[in-house]
Amino acid sequence: MKYWSRQPPTAVRDPQLSQEDFQRIAQLAHAEAGLTMPDAKEPLVYARLAKRLRQLSLTSFTAYLDLISTPEGRDERSMFISSMTTNTTRFFREEHHFELLSERVLPPLLDAARHGARVRFWSAGCSSGEEPFSMAITLLELCPDAGHYDIKILATDIDRKILGRAQAGWFAASSLAALPDAVLAHHFGPPDRDGRREVSADLRALVTFKPLNLVKPWPVTRPFDVIFCRNVAIYFDPDTQNRIWRGFASTLAPGGHLFIGHSERLSHEVRHQFETVGMTSFRLRAPPPTGGPGKEIFGGTQGQH
């Protein structure tokens, strides 16, 4: 037999995503994370999950969905949510928020902290950590000894994989390129051979990272003075968005500030509770409702910060 007459090895076919499987994916993404998956996102879903199927040696999306729907597939279900979420962030993104934080929001809070008050910040949907560390830099620029007071930043995200990166506290040169040299010198260690820098001990001491799913019970019971939740609600349907805004309204301290994404809008149900203090920046007008978000909105609390 001549070599050119041999049959080539059978190629491994890429899994096909049926409409039924896509609907199961959309339903699971909504149930687990509140994410909306219209038909237009089918190519995106395929691109993100097909590689995972090949890594697991699975030949169909049906088999993958069957796996993550079982108790044994709990860890893979976390990987599924990680694949479905979008992590886009950078240091001092939407700079006007940090200008408002520095010039108007922080001074009275820092003064209260110096007199023994408890001050709490929440970065909800912190992604790879640039947002909460930007908050911490802003704090330390105004109050270098902030670590001596009862001041803490809670940083949460549903994606445990990206949260691990944030907690590690190392950032590539490309992530740090826009930061002034003085900020790099004061708040980051020297670059390694790849140009990465580690956040300083002072920054790390201010930030606590925890996994949290905003559509599940919130493990917080005490009020926050400032909440950043930017470009997160846009991935939820209107009803879920409204629940999130209600939760923040009942989790903020009286007079607390909420910062949201440039394309997001508060729902009509909670809008009257806030006054506008800047672009997509709000201050809670009245004391929050009693009960807290865990009891009234999300079905029970799991702890506190």
# chains A, B, ... in the order shown; residues from 1 in each chain; ligands from 1
>>> select_by_dssp(residues="range 28-226 of chain A", states="alpha helix (DSSP H)", output="PyMOL selection string")
chain A and resi 28-33+42-55+61-68+74-84+95-100+106-114+130-142+160-168+173-176+181-187+201-206
>>> write_last_selection(atoms="C-alpha atoms", output="compact mmCIF listing (two decimals), in the first residue's frame")
# COMPACT_ATOMS: atom_id res chain seq x y z
CA LEU A 28 -28.35 27.60 35.02
CA ALA A 29 -26.42 30.87 34.62
CA HIS A 30 -29.50 32.79 35.73
CA ALA A 31 -30.29 30.50 38.65
CA GLU A 32 -26.71 30.39 39.93
CA ALA A 33 -25.54 33.94 39.24
CA GLU A 42 -24.71 31.84 22.04
CA PRO A 43 -21.39 32.28 20.14
CA LEU A 44 -19.79 33.75 23.28
CA VAL A 45 -21.06 30.87 25.42
CA TYR A 46 -19.76 28.34 22.91
CA ALA A 47 -16.33 29.97 22.75
CA ARG A 48 -15.95 30.01 26.52
CA LEU A 49 -17.18 26.49 27.23
CA ALA A 50 -15.97 24.42 24.26
CA LYS A 51 -12.37 24.65 25.46
CA ARG A 52 -13.43 23.47 28.91
CA LEU A 53 -15.24 20.48 27.42
CA ARG A 54 -12.08 19.47 25.54
CA GLN A 55 -10.02 19.76 28.74
CA PHE A 61 -22.53 20.00 26.04
CA THR A 62 -25.27 17.70 27.29
CA ALA A 63 -22.68 15.59 29.13
CA TYR A 64 -21.11 18.73 30.58
CA LEU A 65 -24.46 20.06 31.79
CA ASP A 66 -25.30 16.70 33.31
CA LEU A 67 -21.97 16.82 35.18
CA ILE A 68 -22.40 20.28 36.67
CA ARG A 74 -19.99 21.33 42.40
CA ASP A 75 -16.38 22.35 41.76
CA GLU A 76 -16.93 22.32 38.01
CA ARG A 77 -20.09 24.38 38.50
CA SER A 78 -17.85 27.05 40.02
CA MET A 79 -15.66 26.85 36.90
CA PHE A 80 -18.79 27.22 34.78
CA ILE A 81 -19.76 30.44 36.56
CA SER A 82 -16.19 31.68 36.15
CA SER A 83 -16.46 31.05 32.41
CA MET A 84 -19.76 32.88 32.15
CA GLU A 95 -11.63 58.36 37.73
CA HIS A 96 -14.40 60.81 38.67
CA HIS A 97 -15.58 58.34 41.31
CA PHE A 98 -12.21 58.40 43.03
CA GLU A 99 -12.03 62.19 42.84
CA LEU A 100 -15.39 62.38 44.61
CA LEU A 106 -13.47 60.38 52.73
CA PRO A 107 -12.59 63.49 54.77
CA PRO A 108 -15.54 63.25 57.21
CA LEU A 109 -15.21 59.45 57.39
CA LEU A 110 -11.50 59.68 58.21
CA ASP A 111 -12.20 62.32 60.82
CA ALA A 112 -14.76 59.99 62.40
CA ALA A 113 -12.28 57.11 62.29
CA ARG A 114 -9.68 59.20 64.10
CA GLU A 130 -7.76 46.80 40.89
CA GLU A 131 -10.88 48.49 42.27
CA PRO A 132 -10.47 47.73 46.01
CA PHE A 133 -6.74 48.48 45.84
CA SER A 134 -7.54 51.79 44.12
CA MET A 135 -9.86 52.52 47.05
CA ALA A 136 -7.07 51.60 49.47
CA ILE A 137 -4.55 53.82 47.66
CA THR A 138 -7.00 56.72 47.84
CA LEU A 139 -7.39 56.11 51.57
CA LEU A 140 -3.67 55.97 52.24
CA GLU A 141 -2.94 59.06 50.16
CA LEU A 142 -5.27 61.02 52.47
CA ARG A 160 -13.33 32.32 42.91
CA LYS A 161 -10.63 31.98 40.26
CA ILE A 162 -10.34 35.73 39.64
CA LEU A 163 -10.67 36.34 43.39
CA GLY A 164 -7.57 34.21 43.93
CA ARG A 165 -5.65 36.45 41.56
CA ALA A 166 -6.87 39.54 43.40
CA GLN A 167 -5.90 38.13 46.76
CA ALA A 168 -2.40 37.28 45.52
CA ALA A 173 3.23 45.92 34.12
CA SER A 174 0.38 46.49 31.65
CA SER A 175 -2.09 46.87 34.54
CA LEU A 176 0.16 49.39 36.29
CA ASP A 181 5.61 56.77 39.45
CA ALA A 182 4.99 58.15 42.96
CA VAL A 183 2.02 55.80 43.46
CA LEU A 184 4.08 52.83 42.26
CA ALA A 185 6.94 53.76 44.58
CA HIS A 186 4.73 54.26 47.65
CA HIS A 187 2.21 51.44 47.25
CA ALA A 201 1.73 45.46 53.09
CA ASP A 202 -0.19 48.62 54.00
CA LEU A 203 -2.55 48.16 51.04
CA ARG A 204 -2.98 44.47 51.70
CA ALA A 205 -3.84 45.10 55.37
CA LEU A 206 -6.80 47.29 54.43
>>> residues_around(residues="Gly125 in chain A", least_positions_apart="4", cutoff="7 Å", atoms="only C-alpha atoms", output="list in words")
Thr156, Asp157, Cys229 and Val232 of chain A
>>> write_last_selection(atoms="all heavy atoms", output="compact mmCIF listing (two decimals), in the first residue's frame")
# COMPACT_ATOMS: atom_id res chain seq x y z
N THR A 156 -15.43 41.57 47.23
CA THR A 156 -16.09 40.30 46.96
C THR A 156 -16.29 40.10 45.46
O THR A 156 -16.39 41.05 44.69
CB THR A 156 -17.47 40.23 47.65
OG1 THR A 156 -18.36 41.19 47.07
CG2 THR A 156 -17.36 40.49 49.14
N ASP A 157 -16.38 38.83 45.09
CA ASP A 157 -16.68 38.47 43.70
C ASP A 157 -17.21 37.05 43.68
O ASP A 157 -16.85 36.23 44.54
CB ASP A 157 -15.43 38.59 42.82
CG ASP A 157 -15.78 38.77 41.35
OD1 ASP A 157 -16.08 37.76 40.67
OD2 ASP A 157 -15.78 39.92 40.88
N CYS A 229 -20.22 49.25 43.31
CA CYS A 229 -20.70 48.10 42.53
C CYS A 229 -20.89 48.61 41.11
O CYS A 229 -21.97 49.06 40.73
CB CYS A 229 -22.00 47.54 43.10
SG CYS A 229 -22.51 46.00 42.27
N VAL A 232 -21.59 45.76 37.11
CA VAL A 232 -21.96 44.41 37.53
C VAL A 232 -23.44 44.17 37.25
O VAL A 232 -23.81 43.16 36.64
CB VAL A 232 -21.67 44.20 39.04
CG1 VAL A 232 -22.18 42.83 39.49
CG2 VAL A 232 -20.18 44.33 39.34
>>> closest_residue(among="A:Cys143, A:Glu275, A:Phe248, A:His262", to="Ser102 in chain A", atoms="only C-alpha atoms")
A:Cys143
>>> residues_around(residues="Leu252 in chain A", least_positions_apart="5", cutoff="9 Å", atoms="only C-alpha atoms", output="number ranges by chain")
A: 222-227, 247, 257-258, 284, 287-288
>>> write_last_selection(atoms="N, CA, C and O atoms", output="short mmCIF file (atom, residue, chain, number, x, y, z; two decimals), in the first residue's frame")
data_model
loop_
_atom_site.label_atom_id
_atom_site.label_comp_id
_atom_site.auth_asym_id
_atom_site.auth_seq_id
_atom_site.Cartn_x
_atom_site.Cartn_y
_atom_site.Cartn_z
N ARG A 222 -23.67 44.24 59.10
CA ARG A 222 -23.42 45.58 59.63
C ARG A 222 -23.30 46.55 58.46
O ARG A 222 -22.86 46.18 57.37
N PRO A 223 -23.65 47.82 58.64
CA PRO A 223 -23.74 48.75 57.51
C PRO A 223 -22.38 49.16 56.96
O PRO A 223 -21.36 49.16 57.65
N PHE A 224 -22.40 49.55 55.69
CA PHE A 224 -21.22 50.08 55.01
C PHE A 224 -21.39 51.58 54.79
O PHE A 224 -22.49 52.08 54.59
N ASP A 225 -20.27 52.27 54.80
CA ASP A 225 -20.28 53.71 54.55
C ASP A 225 -20.16 54.02 53.07
O ASP A 225 -20.66 55.06 52.61
N VAL A 226 -19.50 53.15 52.33
CA VAL A 226 -19.30 53.33 50.89
C VAL A 226 -19.41 51.97 50.21
O VAL A 226 -18.81 50.99 50.67
N ILE A 227 -20.18 51.91 49.12
CA ILE A 227 -20.27 50.69 48.32
C ILE A 227 -19.96 51.04 46.87
O ILE A 227 -20.56 51.95 46.29
N GLY A 247 -30.98 45.84 48.13
CA GLY A 247 -30.03 45.32 49.10
C GLY A 247 -29.00 46.35 49.52
O GLY A 247 -28.69 46.50 50.70
N HIS A 257 -22.62 56.26 50.77
CA HIS A 257 -22.49 56.53 49.34
C HIS A 257 -22.45 55.25 48.52
O HIS A 257 -21.81 54.26 48.91
N LEU A 258 -23.11 55.30 47.35
CA LEU A 258 -23.14 54.19 46.41
C LEU A 258 -22.61 54.68 45.07
O LEU A 258 -23.07 55.68 44.53
N LEU A 284 -27.30 58.02 50.28
CA LEU A 284 -28.56 57.54 50.84
C LEU A 284 -29.22 58.67 51.63
O LEU A 284 -28.63 59.25 52.54
N PRO A 287 -32.42 56.78 56.75
CA PRO A 287 -31.96 55.53 57.34
C PRO A 287 -32.49 54.34 56.56
O PRO A 287 -33.62 54.37 56.06
N PRO A 288 -31.69 53.28 56.42
CA PRO A 288 -32.13 52.11 55.67
C PRO A 288 -33.26 51.39 56.39
O PRO A 288 -33.43 51.53 57.60
#
>>> atom_distance(atom1="CA of Asn242 in chain A", atom2="CA of Glu269 in chain A")
7.4 Å
>>> atom_distance(atom1="CA of Pro144 in chain A", atom2="CA of Phe209 in chain A")
21.4 Å
>>> atom_distance(atom1="CA of Thr85 in chain A", atom2="CA of Lys152 in chain A")
26.4 Å
